$ cat structure-v4.cif   # mmCIF, N, CA and C atoms
data_run
#
loop_
_atom_site.label_atom_id
_atom_site.label_comp_id
_atom_site.auth_asym_id
_atom_site.auth_seq_id
_atom_site.Cartn_x
_atom_site.Cartn_y
_atom_site.Cartn_z
N MET A 1 -25.21 -45.13 11.70
CA MET A 1 -23.80 -44.97 11.46
C MET A 1 -23.14 -44.41 12.71
N ALA A 2 -22.05 -45.00 13.10
CA ALA A 2 -21.34 -44.56 14.30
C ALA A 2 -20.61 -43.25 14.00
N LYS A 3 -20.56 -42.42 15.01
CA LYS A 3 -19.88 -41.14 14.86
C LYS A 3 -18.37 -41.37 14.86
N LEU A 4 -17.67 -40.80 13.85
CA LEU A 4 -16.22 -40.94 13.74
C LEU A 4 -15.54 -39.81 14.49
N SER A 5 -14.45 -40.13 15.15
CA SER A 5 -13.68 -39.09 15.82
C SER A 5 -12.86 -38.31 14.79
N GLN A 6 -12.33 -37.19 15.21
CA GLN A 6 -11.51 -36.39 14.31
C GLN A 6 -10.28 -37.16 13.85
N GLU A 7 -9.72 -37.96 14.74
CA GLU A 7 -8.54 -38.76 14.37
C GLU A 7 -8.90 -39.79 13.31
N ASP A 8 -10.09 -40.41 13.44
CA ASP A 8 -10.54 -41.38 12.44
C ASP A 8 -10.74 -40.72 11.08
N LEU A 9 -11.33 -39.52 11.11
CA LEU A 9 -11.53 -38.79 9.86
C LEU A 9 -10.19 -38.46 9.20
N LEU A 10 -9.24 -37.99 10.01
CA LEU A 10 -7.92 -37.66 9.46
C LEU A 10 -7.24 -38.89 8.88
N ALA A 11 -7.42 -40.02 9.52
CA ALA A 11 -6.84 -41.27 9.01
C ALA A 11 -7.46 -41.62 7.66
N GLN A 12 -8.75 -41.38 7.52
CA GLN A 12 -9.42 -41.64 6.24
C GLN A 12 -8.90 -40.70 5.15
N PHE A 13 -8.73 -39.43 5.51
CA PHE A 13 -8.24 -38.45 4.54
C PHE A 13 -6.81 -38.76 4.11
N GLU A 14 -6.01 -39.28 5.01
CA GLU A 14 -4.62 -39.62 4.68
C GLU A 14 -4.55 -40.70 3.61
N GLU A 15 -5.54 -41.56 3.57
CA GLU A 15 -5.55 -42.66 2.60
C GLU A 15 -6.06 -42.22 1.23
N MET A 16 -6.66 -41.03 1.14
CA MET A 16 -7.24 -40.56 -0.12
C MET A 16 -6.16 -39.92 -1.01
N THR A 17 -6.38 -40.03 -2.31
CA THR A 17 -5.51 -39.32 -3.26
C THR A 17 -5.97 -37.86 -3.31
N LEU A 18 -5.15 -37.03 -3.92
CA LEU A 18 -5.51 -35.61 -4.02
C LEU A 18 -6.80 -35.42 -4.83
N ILE A 19 -6.97 -36.21 -5.85
CA ILE A 19 -8.18 -36.09 -6.68
C ILE A 19 -9.40 -36.48 -5.86
N GLU A 20 -9.30 -37.57 -5.12
CA GLU A 20 -10.42 -38.00 -4.28
C GLU A 20 -10.74 -36.94 -3.22
N LEU A 21 -9.70 -36.38 -2.64
CA LEU A 21 -9.90 -35.35 -1.62
C LEU A 21 -10.54 -34.10 -2.21
N SER A 22 -10.12 -33.72 -3.42
CA SER A 22 -10.69 -32.57 -4.10
C SER A 22 -12.17 -32.79 -4.38
N GLU A 23 -12.52 -34.01 -4.84
CA GLU A 23 -13.93 -34.34 -5.11
C GLU A 23 -14.73 -34.31 -3.81
N PHE A 24 -14.14 -34.80 -2.71
CA PHE A 24 -14.81 -34.78 -1.42
C PHE A 24 -15.12 -33.34 -1.00
N VAL A 25 -14.14 -32.45 -1.18
CA VAL A 25 -14.34 -31.05 -0.79
C VAL A 25 -15.48 -30.44 -1.59
N LYS A 26 -15.54 -30.72 -2.89
CA LYS A 26 -16.63 -30.20 -3.72
C LYS A 26 -17.98 -30.70 -3.23
N LEU A 27 -18.08 -32.00 -2.96
CA LEU A 27 -19.32 -32.57 -2.45
C LEU A 27 -19.70 -31.97 -1.10
N PHE A 28 -18.71 -31.77 -0.22
CA PHE A 28 -18.94 -31.19 1.09
C PHE A 28 -19.49 -29.77 0.95
N GLU A 29 -18.90 -28.99 0.02
CA GLU A 29 -19.35 -27.62 -0.20
C GLU A 29 -20.80 -27.59 -0.70
N GLU A 30 -21.13 -28.51 -1.62
CA GLU A 30 -22.49 -28.56 -2.15
C GLU A 30 -23.49 -29.00 -1.09
N LYS A 31 -23.15 -30.04 -0.34
CA LYS A 31 -24.06 -30.60 0.66
C LYS A 31 -24.40 -29.59 1.74
N PHE A 32 -23.39 -28.85 2.25
CA PHE A 32 -23.60 -27.94 3.36
C PHE A 32 -23.66 -26.47 2.94
N ASP A 33 -23.65 -26.24 1.62
CA ASP A 33 -23.74 -24.88 1.07
C ASP A 33 -22.72 -23.95 1.71
N VAL A 34 -21.47 -24.40 1.68
CA VAL A 34 -20.35 -23.61 2.21
C VAL A 34 -19.26 -23.57 1.15
N GLU A 35 -18.26 -22.74 1.41
CA GLU A 35 -17.13 -22.64 0.49
C GLU A 35 -15.86 -22.78 1.30
N ALA A 36 -14.98 -23.68 0.87
CA ALA A 36 -13.71 -23.87 1.56
C ALA A 36 -12.82 -22.67 1.28
N ALA A 37 -12.30 -22.07 2.34
CA ALA A 37 -11.42 -20.90 2.19
C ALA A 37 -10.00 -21.37 1.99
N ALA A 38 -9.25 -20.62 1.22
CA ALA A 38 -7.84 -20.94 1.01
C ALA A 38 -7.09 -20.73 2.32
N PRO A 39 -6.07 -21.55 2.62
CA PRO A 39 -5.33 -21.40 3.87
C PRO A 39 -4.71 -20.00 4.02
N VAL A 40 -4.32 -19.38 2.93
CA VAL A 40 -3.73 -18.06 3.01
C VAL A 40 -4.75 -17.05 3.51
N ALA A 41 -5.98 -17.15 3.03
CA ALA A 41 -7.02 -16.23 3.45
C ALA A 41 -7.33 -16.40 4.94
N VAL A 42 -7.31 -17.64 5.41
CA VAL A 42 -7.56 -17.90 6.83
C VAL A 42 -6.44 -17.29 7.66
N ALA A 43 -5.21 -17.45 7.24
CA ALA A 43 -4.07 -16.91 7.98
C ALA A 43 -4.13 -15.39 7.98
N ALA A 44 -4.57 -14.80 6.89
CA ALA A 44 -4.62 -13.34 6.81
C ALA A 44 -5.72 -12.77 7.69
N ALA A 45 -6.78 -13.54 7.90
CA ALA A 45 -7.89 -13.07 8.70
C ALA A 45 -7.51 -12.91 10.16
N GLY A 46 -6.61 -13.73 10.65
CA GLY A 46 -6.17 -13.62 12.04
C GLY A 46 -7.15 -14.27 12.98
N ALA A 47 -6.83 -14.25 14.23
CA ALA A 47 -7.68 -14.85 15.25
C ALA A 47 -8.89 -13.97 15.49
N PRO A 48 -10.04 -14.59 15.80
CA PRO A 48 -11.21 -13.78 16.10
C PRO A 48 -10.96 -12.91 17.33
N GLY A 49 -11.42 -11.69 17.25
CA GLY A 49 -11.25 -10.79 18.38
C GLY A 49 -9.89 -10.12 18.43
N ALA A 50 -8.99 -10.48 17.52
CA ALA A 50 -7.67 -9.86 17.50
C ALA A 50 -7.82 -8.45 16.95
N PRO A 51 -7.07 -7.50 17.49
CA PRO A 51 -7.18 -6.13 16.97
C PRO A 51 -6.69 -6.07 15.52
N ALA A 52 -7.27 -5.18 14.76
CA ALA A 52 -6.86 -5.01 13.37
C ALA A 52 -5.41 -4.55 13.33
N ALA A 53 -4.72 -4.94 12.28
CA ALA A 53 -3.31 -4.54 12.14
C ALA A 53 -3.22 -3.02 12.09
N GLU A 54 -2.32 -2.49 12.86
CA GLU A 54 -2.17 -1.05 12.90
C GLU A 54 -1.52 -0.56 11.62
N VAL A 55 -2.06 0.53 11.09
CA VAL A 55 -1.51 1.13 9.89
C VAL A 55 -0.25 1.89 10.28
N GLU A 56 0.83 1.59 9.59
CA GLU A 56 2.08 2.26 9.90
C GLU A 56 2.00 3.72 9.46
N GLU A 57 2.30 4.60 10.37
CA GLU A 57 2.20 6.02 10.06
C GLU A 57 3.39 6.44 9.20
N GLN A 58 3.09 7.21 8.18
CA GLN A 58 4.12 7.67 7.26
C GLN A 58 4.98 8.72 7.95
N ASP A 59 6.32 8.56 7.86
CA ASP A 59 7.21 9.52 8.50
C ASP A 59 8.14 10.20 7.50
N GLU A 60 8.06 9.82 6.23
CA GLU A 60 8.85 10.47 5.20
C GLU A 60 7.91 10.94 4.09
N PHE A 61 8.08 12.19 3.67
CA PHE A 61 7.20 12.78 2.68
C PHE A 61 8.00 13.35 1.52
N ASP A 62 7.36 13.40 0.36
CA ASP A 62 7.94 14.03 -0.82
C ASP A 62 7.11 15.27 -1.14
N VAL A 63 7.80 16.37 -1.45
CA VAL A 63 7.12 17.60 -1.87
C VAL A 63 7.29 17.67 -3.38
N ILE A 64 6.16 17.61 -4.09
CA ILE A 64 6.20 17.57 -5.55
C ILE A 64 5.59 18.84 -6.11
N LEU A 65 6.35 19.52 -6.94
CA LEU A 65 5.90 20.73 -7.61
C LEU A 65 5.08 20.30 -8.82
N THR A 66 3.78 20.65 -8.82
CA THR A 66 2.92 20.22 -9.93
C THR A 66 2.66 21.32 -10.94
N GLY A 67 2.97 22.57 -10.58
CA GLY A 67 2.80 23.67 -11.51
C GLY A 67 3.45 24.93 -10.95
N ALA A 68 3.99 25.75 -11.84
CA ALA A 68 4.71 26.95 -11.40
C ALA A 68 3.79 28.14 -11.18
N GLY A 69 2.64 28.16 -11.80
CA GLY A 69 1.73 29.29 -11.66
C GLY A 69 2.20 30.49 -12.46
N ASP A 70 1.67 31.67 -12.10
CA ASP A 70 1.98 32.90 -12.84
C ASP A 70 3.32 33.51 -12.45
N LYS A 71 3.75 33.29 -11.21
CA LYS A 71 4.98 33.91 -10.70
C LYS A 71 6.13 32.90 -10.73
N LYS A 72 6.52 32.54 -11.93
CA LYS A 72 7.54 31.50 -12.11
C LYS A 72 8.88 31.90 -11.48
N ILE A 73 9.26 33.14 -11.57
CA ILE A 73 10.54 33.60 -11.02
C ILE A 73 10.54 33.45 -9.49
N GLN A 74 9.41 33.82 -8.86
CA GLN A 74 9.31 33.66 -7.41
C GLN A 74 9.41 32.19 -7.01
N VAL A 75 8.79 31.33 -7.79
CA VAL A 75 8.83 29.89 -7.50
C VAL A 75 10.26 29.37 -7.63
N ILE A 76 10.98 29.82 -8.65
CA ILE A 76 12.37 29.41 -8.83
C ILE A 76 13.20 29.84 -7.62
N LYS A 77 12.96 31.06 -7.13
CA LYS A 77 13.69 31.53 -5.94
C LYS A 77 13.43 30.65 -4.73
N VAL A 78 12.17 30.28 -4.52
CA VAL A 78 11.83 29.43 -3.38
C VAL A 78 12.45 28.05 -3.54
N VAL A 79 12.42 27.51 -4.75
CA VAL A 79 13.04 26.19 -5.00
C VAL A 79 14.53 26.26 -4.69
N ARG A 80 15.19 27.34 -5.07
CA ARG A 80 16.63 27.49 -4.78
C ARG A 80 16.87 27.54 -3.28
N GLU A 81 16.00 28.24 -2.54
CA GLU A 81 16.16 28.32 -1.08
C GLU A 81 15.98 26.95 -0.43
N LEU A 82 15.01 26.20 -0.92
CA LEU A 82 14.70 24.90 -0.31
C LEU A 82 15.74 23.83 -0.65
N THR A 83 16.32 23.91 -1.83
CA THR A 83 17.16 22.81 -2.30
C THR A 83 18.63 23.16 -2.43
N SER A 84 18.97 24.39 -2.38
CA SER A 84 20.33 24.87 -2.64
C SER A 84 20.82 24.50 -4.04
N LEU A 85 19.88 24.43 -4.99
CA LEU A 85 20.24 24.20 -6.40
C LEU A 85 20.70 25.52 -7.01
N GLY A 86 21.44 25.40 -8.09
CA GLY A 86 21.84 26.58 -8.84
C GLY A 86 20.66 27.13 -9.61
N LEU A 87 20.84 28.30 -10.20
CA LEU A 87 19.76 28.95 -10.93
C LEU A 87 19.25 28.09 -12.09
N LYS A 88 20.17 27.56 -12.89
CA LYS A 88 19.78 26.75 -14.04
C LYS A 88 19.06 25.49 -13.61
N GLU A 89 19.58 24.80 -12.58
CA GLU A 89 18.96 23.56 -12.11
C GLU A 89 17.56 23.82 -11.55
N ALA A 90 17.42 24.91 -10.79
CA ALA A 90 16.11 25.26 -10.23
C ALA A 90 15.13 25.61 -11.34
N LYS A 91 15.59 26.34 -12.35
CA LYS A 91 14.72 26.69 -13.48
C LYS A 91 14.30 25.44 -14.23
N ASP A 92 15.24 24.52 -14.46
CA ASP A 92 14.91 23.26 -15.14
C ASP A 92 13.89 22.45 -14.34
N LEU A 93 14.04 22.44 -13.02
CA LEU A 93 13.10 21.72 -12.17
C LEU A 93 11.70 22.33 -12.30
N VAL A 94 11.61 23.65 -12.25
CA VAL A 94 10.31 24.32 -12.35
C VAL A 94 9.71 24.13 -13.73
N ASP A 95 10.54 24.19 -14.77
CA ASP A 95 10.04 24.01 -16.14
C ASP A 95 9.58 22.58 -16.39
N GLY A 96 10.15 21.61 -15.71
CA GLY A 96 9.84 20.20 -15.96
C GLY A 96 8.79 19.63 -15.03
N THR A 97 7.90 20.44 -14.51
CA THR A 97 6.88 19.95 -13.58
C THR A 97 5.98 18.92 -14.24
N PRO A 98 5.48 17.97 -13.50
CA PRO A 98 5.61 17.72 -12.07
C PRO A 98 6.93 17.04 -11.74
N LYS A 99 7.61 17.58 -10.77
CA LYS A 99 8.89 17.04 -10.30
C LYS A 99 8.98 17.19 -8.79
N PRO A 100 9.68 16.25 -8.14
CA PRO A 100 9.86 16.38 -6.69
C PRO A 100 10.89 17.47 -6.37
N VAL A 101 10.54 18.31 -5.40
CA VAL A 101 11.46 19.36 -4.94
C VAL A 101 12.26 18.81 -3.77
N LEU A 102 11.57 18.19 -2.83
CA LEU A 102 12.22 17.56 -1.67
C LEU A 102 11.71 16.13 -1.57
N GLU A 103 12.61 15.22 -1.21
CA GLU A 103 12.23 13.83 -1.06
C GLU A 103 12.64 13.32 0.31
N LYS A 104 11.77 12.48 0.88
CA LYS A 104 12.03 11.80 2.15
C LYS A 104 12.38 12.78 3.28
N VAL A 105 11.52 13.78 3.45
CA VAL A 105 11.69 14.73 4.55
C VAL A 105 10.58 14.50 5.56
N ASP A 106 10.75 15.01 6.78
CA ASP A 106 9.72 14.83 7.79
C ASP A 106 8.51 15.71 7.49
N LYS A 107 7.43 15.47 8.21
CA LYS A 107 6.16 16.16 7.97
C LYS A 107 6.28 17.67 8.11
N ALA A 108 6.97 18.12 9.14
CA ALA A 108 7.09 19.57 9.37
C ALA A 108 7.83 20.25 8.22
N ALA A 109 8.93 19.65 7.77
CA ALA A 109 9.70 20.24 6.67
C ALA A 109 8.88 20.21 5.37
N ALA A 110 8.14 19.14 5.16
CA ALA A 110 7.32 19.04 3.95
C ALA A 110 6.22 20.10 3.96
N ASP A 111 5.56 20.28 5.10
CA ASP A 111 4.51 21.29 5.20
C ASP A 111 5.07 22.71 5.01
N LYS A 112 6.22 22.96 5.61
CA LYS A 112 6.84 24.28 5.50
C LYS A 112 7.22 24.57 4.04
N ALA A 113 7.81 23.58 3.36
CA ALA A 113 8.20 23.75 1.97
C ALA A 113 6.97 23.96 1.09
N ALA A 114 5.91 23.19 1.35
CA ALA A 114 4.68 23.31 0.55
C ALA A 114 4.07 24.70 0.72
N GLU A 115 4.05 25.20 1.96
CA GLU A 115 3.51 26.54 2.20
C GLU A 115 4.35 27.62 1.50
N SER A 116 5.67 27.47 1.54
CA SER A 116 6.54 28.44 0.87
C SER A 116 6.28 28.46 -0.63
N LEU A 117 6.16 27.28 -1.22
CA LEU A 117 5.92 27.19 -2.66
C LEU A 117 4.53 27.71 -3.03
N LYS A 118 3.55 27.41 -2.20
CA LYS A 118 2.20 27.91 -2.46
C LYS A 118 2.16 29.43 -2.31
N GLY A 119 2.90 29.94 -1.36
CA GLY A 119 2.97 31.38 -1.16
C GLY A 119 3.57 32.09 -2.37
N ALA A 120 4.45 31.39 -3.09
CA ALA A 120 5.08 31.98 -4.27
C ALA A 120 4.19 31.80 -5.50
N GLY A 121 3.08 31.10 -5.34
CA GLY A 121 2.14 30.94 -6.46
C GLY A 121 2.19 29.60 -7.15
N ALA A 122 2.93 28.65 -6.62
CA ALA A 122 3.04 27.34 -7.24
C ALA A 122 1.94 26.40 -6.74
N SER A 123 1.67 25.37 -7.52
CA SER A 123 0.79 24.32 -7.03
C SER A 123 1.67 23.15 -6.60
N VAL A 124 1.37 22.62 -5.41
CA VAL A 124 2.25 21.64 -4.77
C VAL A 124 1.43 20.47 -4.28
N GLU A 125 2.06 19.31 -4.25
CA GLU A 125 1.45 18.10 -3.73
C GLU A 125 2.44 17.47 -2.74
N VAL A 126 1.95 17.06 -1.58
CA VAL A 126 2.79 16.39 -0.58
C VAL A 126 2.35 14.94 -0.52
N LYS A 127 3.28 14.03 -0.76
CA LYS A 127 2.96 12.59 -0.73
C LYS A 127 3.78 11.93 0.34
#
$ encode --input "structure-v4.cif" --output "C-alpha cells"
Amino acid sequence: MAKLSQEDLLAQFEEMTLIELSEFVKLFEEKFDVEAAAPVAVAAAGAPGAPAAEVEEQDEFDVILTGAGDKKIQVIKVVRELTSLGLKEAKDLVDGTPKPVLEKVDKAAADKAAESLKGAGASVEVK
C-alpha cells in the first residue's frame, strides 16, 4: 500500500460523514491503544514547554468575624472602631456571626483588623 500524504488523508476525511468519521476514530483508538483528546483539553494544555499560567495574587481580602468569644463588649468596641458603625449595628453584627466586618480591603488592613479583633478575644477569618 502506498503511503498517503497528509493532504490525501484530509481529502478522504472530508468525504466521510460524521458517523463514518466517528467510527473511524473508535477503530483508530482501539488499533493503536490511544484515546482522542477533546479539542478543548488540547487548547487548555498549552504548548509544550510553555510556563504554567501564573496564579493571580489576591489583592482584596474580607475580614469575617466567626465568633465573639468571652469578651463580647470588647469585640463590639473594636468592630465600631474598624467600621464606624453605631452601637446597635456593631452589636447586631457581633451577635449574628459569622459575618464580614470588612470587605475588599488590602492585605495590611485585613491583617491589622484581624489582629485587633483577636486581641479583643474574637475568632476571625481572613479570606
$ select_by_dssp --input "structure-v4.cif" --residues "chain A" --states "helix (DSSP H, G or I)" --output "compact mmCIF listing (two decimals) with N, CA and C atoms, in the frame of the given file"
# COMPACT_ATOMS: atom_id res chain seq x y z
N GLN A 6 -12.33 -37.19 15.21
CA GLN A 6 -11.51 -36.39 14.31
C GLN A 6 -10.28 -37.16 13.85
N GLU A 7 -9.72 -37.96 14.74
CA GLU A 7 -8.54 -38.76 14.37
C GLU A 7 -8.90 -39.79 13.31
N ASP A 8 -10.09 -40.41 13.44
CA ASP A 8 -10.54 -41.38 12.44
C ASP A 8 -10.74 -40.72 11.08
N LEU A 9 -11.33 -39.52 11.11
CA LEU A 9 -11.53 -38.79 9.86
C LEU A 9 -10.19 -38.46 9.20
N LEU A 10 -9.24 -37.99 10.01
CA LEU A 10 -7.92 -37.66 9.46
C LEU A 10 -7.24 -38.89 8.88
N ALA A 11 -7.42 -40.02 9.52
CA ALA A 11 -6.84 -41.27 9.01
C ALA A 11 -7.46 -41.62 7.66
N GLN A 12 -8.75 -41.38 7.52
CA GLN A 12 -9.42 -41.64 6.24
C GLN A 12 -8.90 -40.70 5.15
N PHE A 13 -8.73 -39.43 5.51
CA PHE A 13 -8.24 -38.45 4.54
C PHE A 13 -6.81 -38.76 4.11
N GLU A 14 -6.01 -39.28 5.01
CA GLU A 14 -4.62 -39.62 4.68
C GLU A 14 -4.55 -40.70 3.61
N GLU A 15 -5.54 -41.56 3.57
CA GLU A 15 -5.55 -42.66 2.60
C GLU A 15 -6.06 -42.22 1.23
N LEU A 18 -5.15 -37.03 -3.92
CA LEU A 18 -5.51 -35.61 -4.02
C LEU A 18 -6.80 -35.42 -4.83
N ILE A 19 -6.97 -36.21 -5.85
CA ILE A 19 -8.18 -36.09 -6.68
C ILE A 19 -9.40 -36.48 -5.86
N GLU A 20 -9.30 -37.57 -5.12
CA GLU A 20 -10.42 -38.00 -4.28
C GLU A 20 -10.74 -36.94 -3.22
N LEU A 21 -9.70 -36.38 -2.64
CA LEU A 21 -9.90 -35.35 -1.62
C LEU A 21 -10.54 -34.10 -2.21
N SER A 22 -10.12 -33.72 -3.42
CA SER A 22 -10.69 -32.57 -4.10
C SER A 22 -12.17 -32.79 -4.38
N GLU A 23 -12.52 -34.01 -4.84
CA GLU A 23 -13.93 -34.34 -5.11
C GLU A 23 -14.73 -34.31 -3.81
N PHE A 24 -14.14 -34.80 -2.71
CA PHE A 24 -14.81 -34.78 -1.42
C PHE A 24 -15.12 -33.34 -1.00
N VAL A 25 -14.14 -32.45 -1.18
CA VAL A 25 -14.34 -31.05 -0.79
C VAL A 25 -15.48 -30.44 -1.59
N LYS A 26 -15.54 -30.72 -2.89
CA LYS A 26 -16.63 -30.20 -3.72
C LYS A 26 -17.98 -30.70 -3.23
N LEU A 27 -18.08 -32.00 -2.96
CA LEU A 27 -19.32 -32.57 -2.45
C LEU A 27 -19.70 -31.97 -1.10
N PHE A 28 -18.71 -31.77 -0.22
CA PHE A 28 -18.94 -31.19 1.09
C PHE A 28 -19.49 -29.77 0.95
N GLU A 29 -18.90 -28.99 0.02
CA GLU A 29 -19.35 -27.62 -0.20
C GLU A 29 -20.80 -27.59 -0.70
N GLU A 30 -21.13 -28.51 -1.62
CA GLU A 30 -22.49 -28.56 -2.15
C GLU A 30 -23.49 -29.00 -1.09
N LYS A 31 -23.15 -30.04 -0.34
CA LYS A 31 -24.06 -30.60 0.66
C LYS A 31 -24.40 -29.59 1.74
N PHE A 32 -23.39 -28.85 2.25
CA PHE A 32 -23.60 -27.94 3.36
C PHE A 32 -23.66 -26.47 2.94
N PRO A 39 -6.07 -21.55 2.62
CA PRO A 39 -5.33 -21.40 3.87
C PRO A 39 -4.71 -20.00 4.02
N VAL A 40 -4.32 -19.38 2.93
CA VAL A 40 -3.73 -18.06 3.01
C VAL A 40 -4.75 -17.05 3.51
N ALA A 41 -5.98 -17.15 3.03
CA ALA A 41 -7.02 -16.23 3.45
C ALA A 41 -7.33 -16.40 4.94
N VAL A 42 -7.31 -17.64 5.41
CA VAL A 42 -7.56 -17.90 6.83
C VAL A 42 -6.44 -17.29 7.66
N ALA A 43 -5.21 -17.45 7.24
CA ALA A 43 -4.07 -16.91 7.98
C ALA A 43 -4.13 -15.39 7.98
N ALA A 44 -4.57 -14.80 6.89
CA ALA A 44 -4.62 -13.34 6.81
C ALA A 44 -5.72 -12.77 7.69
N ALA A 45 -6.78 -13.54 7.90
CA ALA A 45 -7.89 -13.07 8.70
C ALA A 45 -7.51 -12.91 10.16
N LYS A 72 6.52 32.54 -11.93
CA LYS A 72 7.54 31.50 -12.11
C LYS A 72 8.88 31.90 -11.48
N ILE A 73 9.26 33.14 -11.57
CA ILE A 73 10.54 33.60 -11.02
C ILE A 73 10.54 33.45 -9.49
N GLN A 74 9.41 33.82 -8.86
CA GLN A 74 9.31 33.66 -7.41
C GLN A 74 9.41 32.19 -7.01
N VAL A 75 8.79 31.33 -7.79
CA VAL A 75 8.83 29.89 -7.50
C VAL A 75 10.26 29.37 -7.63
N ILE A 76 10.98 29.82 -8.65
CA ILE A 76 12.37 29.41 -8.83
C ILE A 76 13.20 29.84 -7.62
N LYS A 77 12.96 31.06 -7.13
CA LYS A 77 13.69 31.53 -5.94
C LYS A 77 13.43 30.65 -4.73
N VAL A 78 12.17 30.28 -4.52
CA VAL A 78 11.83 29.43 -3.38
C VAL A 78 12.45 28.05 -3.54
N VAL A 79 12.42 27.51 -4.75
CA VAL A 79 13.04 26.19 -5.00
C VAL A 79 14.53 26.26 -4.69
N ARG A 80 15.19 27.34 -5.07
CA ARG A 80 16.63 27.49 -4.78
C ARG A 80 16.87 27.54 -3.28
N GLU A 81 16.00 28.24 -2.54
CA GLU A 81 16.16 28.32 -1.08
C GLU A 81 15.98 26.95 -0.43
N LEU A 82 15.01 26.20 -0.92
CA LEU A 82 14.70 24.90 -0.31
C LEU A 82 15.74 23.83 -0.65
N THR A 83 16.32 23.91 -1.83
CA THR A 83 17.16 22.81 -2.30
C THR A 83 18.63 23.16 -2.43
N LEU A 87 20.84 28.30 -10.20
CA LEU A 87 19.76 28.95 -10.93
C LEU A 87 19.25 28.09 -12.09
N LYS A 88 20.17 27.56 -12.89
CA LYS A 88 19.78 26.75 -14.04
C LYS A 88 19.06 25.49 -13.61
N GLU A 89 19.58 24.80 -12.58
CA GLU A 89 18.96 23.56 -12.11
C GLU A 89 17.56 23.82 -11.55
N ALA A 90 17.42 24.91 -10.79
CA ALA A 90 16.11 25.26 -10.23
C ALA A 90 15.13 25.61 -11.34
N LYS A 91 15.59 26.34 -12.35
CA LYS A 91 14.72 26.69 -13.48
C LYS A 91 14.30 25.44 -14.23
N ASP A 92 15.24 24.52 -14.46
CA ASP A 92 14.91 23.26 -15.14
C ASP A 92 13.89 22.45 -14.34
N LEU A 93 14.04 22.44 -13.02
CA LEU A 93 13.10 21.72 -12.17
C LEU A 93 11.70 22.33 -12.30
N VAL A 94 11.61 23.65 -12.25
CA VAL A 94 10.31 24.32 -12.35
C VAL A 94 9.71 24.13 -13.73
N ASP A 95 10.54 24.19 -14.77
CA ASP A 95 10.04 24.01 -16.14
C ASP A 95 9.58 22.58 -16.39
N LYS A 107 7.43 15.47 8.21
CA LYS A 107 6.16 16.16 7.97
C LYS A 107 6.28 17.67 8.11
N ALA A 108 6.97 18.12 9.14
CA ALA A 108 7.09 19.57 9.37
C ALA A 108 7.83 20.25 8.22
N ALA A 109 8.93 19.65 7.77
CA ALA A 109 9.70 20.24 6.67
C ALA A 109 8.88 20.21 5.37
N ALA A 110 8.14 19.14 5.16
CA ALA A 110 7.32 19.04 3.95
C ALA A 110 6.22 20.10 3.96
N ASP A 111 5.56 20.28 5.10
CA ASP A 111 4.51 21.29 5.20
C ASP A 111 5.07 22.71 5.01
N LYS A 112 6.22 22.96 5.61
CA LYS A 112 6.84 24.28 5.50
C LYS A 112 7.22 24.57 4.04
N ALA A 113 7.81 23.58 3.36
CA ALA A 113 8.20 23.75 1.97
C ALA A 113 6.97 23.96 1.09
N ALA A 114 5.91 23.19 1.35
CA ALA A 114 4.68 23.31 0.55
C ALA A 114 4.07 24.70 0.72
N GLU A 115 4.05 25.20 1.96
CA GLU A 115 3.51 26.54 2.20
C GLU A 115 4.35 27.62 1.50
N SER A 116 5.67 27.47 1.54
CA SER A 116 6.54 28.44 0.87
C SER A 116 6.28 28.46 -0.63
N LEU A 117 6.16 27.28 -1.22
CA LEU A 117 5.92 27.19 -2.66
C LEU A 117 4.53 27.71 -3.03
N LYS A 118 3.55 27.41 -2.20
CA LYS A 118 2.20 27.91 -2.46
C LYS A 118 2.16 29.43 -2.31
N GLY A 119 2.90 29.94 -1.36
CA GLY A 119 2.97 31.38 -1.16
C GLY A 119 3.57 32.09 -2.37
$ atom_distance --input "structure-v4.cif" --atom1 "atom C of Asp62 (chain A)" --atom2 "CA of Gln74 (chain A)"
19.6 Å
$ atom_distance --input "structure-v4.cif" --atom1 "atom C of Lys118 (chain A)" --atom2 "atom C of Gly96 (chain A)"
17.4 Å
$ resolve_selection --input "structure-v4.cif" --expression "the PyMOL selection byres ((chain A and resi 59) around 8)" --output "list of chain:residue names"
A:Glu56, A:Glu57, A:Gln58, A:Glu60, A:Phe61, A:Asp62, A:Lys104, A:Val105, A:Asp106, A:Lys107
$ axis_aligned_box --input "structure-v4.cif" --around "region 101-105 of chain A" --padding-each-side "4 Å" --output "JSON"
{"center_x": 11.6, "center_y": 15.6, "center_z": 0.1, "size_x": 10.1, "size_y": 15.6, "size_z": 19.0}
$ atom_distance --input "structure-v4.cif" --atom1 "CA of Val75 (chain A)" --atom2 "CA of Ala109 (chain A)"
17.2 Å
$ closest_residue --input "structure-v4.cif" --among "A:Lys3, A:Lys99, A:Lys127, A:Lys31" --to "Leu65 (chain A)" --atoms "all atoms listed in the file"
A:Lys99
$ residues_near_point --input "structure-v4.cif" --point "(11.4, 13.8, -7.3)" --cutoff "8 Å" --atoms "all atoms listed in the file" --output "list in words"
Asp62, Val63, Ile64, Leu65, Pro98, Lys99, Pro100, Val101, Leu102 and Glu103 of chain A
$ select_by_dssp --input "structure-v4.cif" --residues "chain A" --states "strand (DSSP E or B)" --output "PyMOL selection string"
chain A and resi 61-67+99-105+123-126
$ closest_residue --input "structure-v4.cif" --among "A:Thr97, A:Thr66, A:Gln6, A:Thr17" --to "Val124 (chain A)" --atoms "only N, CA and C atoms"
A:Thr66
$ closest_residue --input "structure-v4.cif" --among "A:Ala68, A:Ala120, A:Val78, A:Leu18" --to "Asp95 (chain A)" --atoms "all atoms listed in the file"
A:Ala68
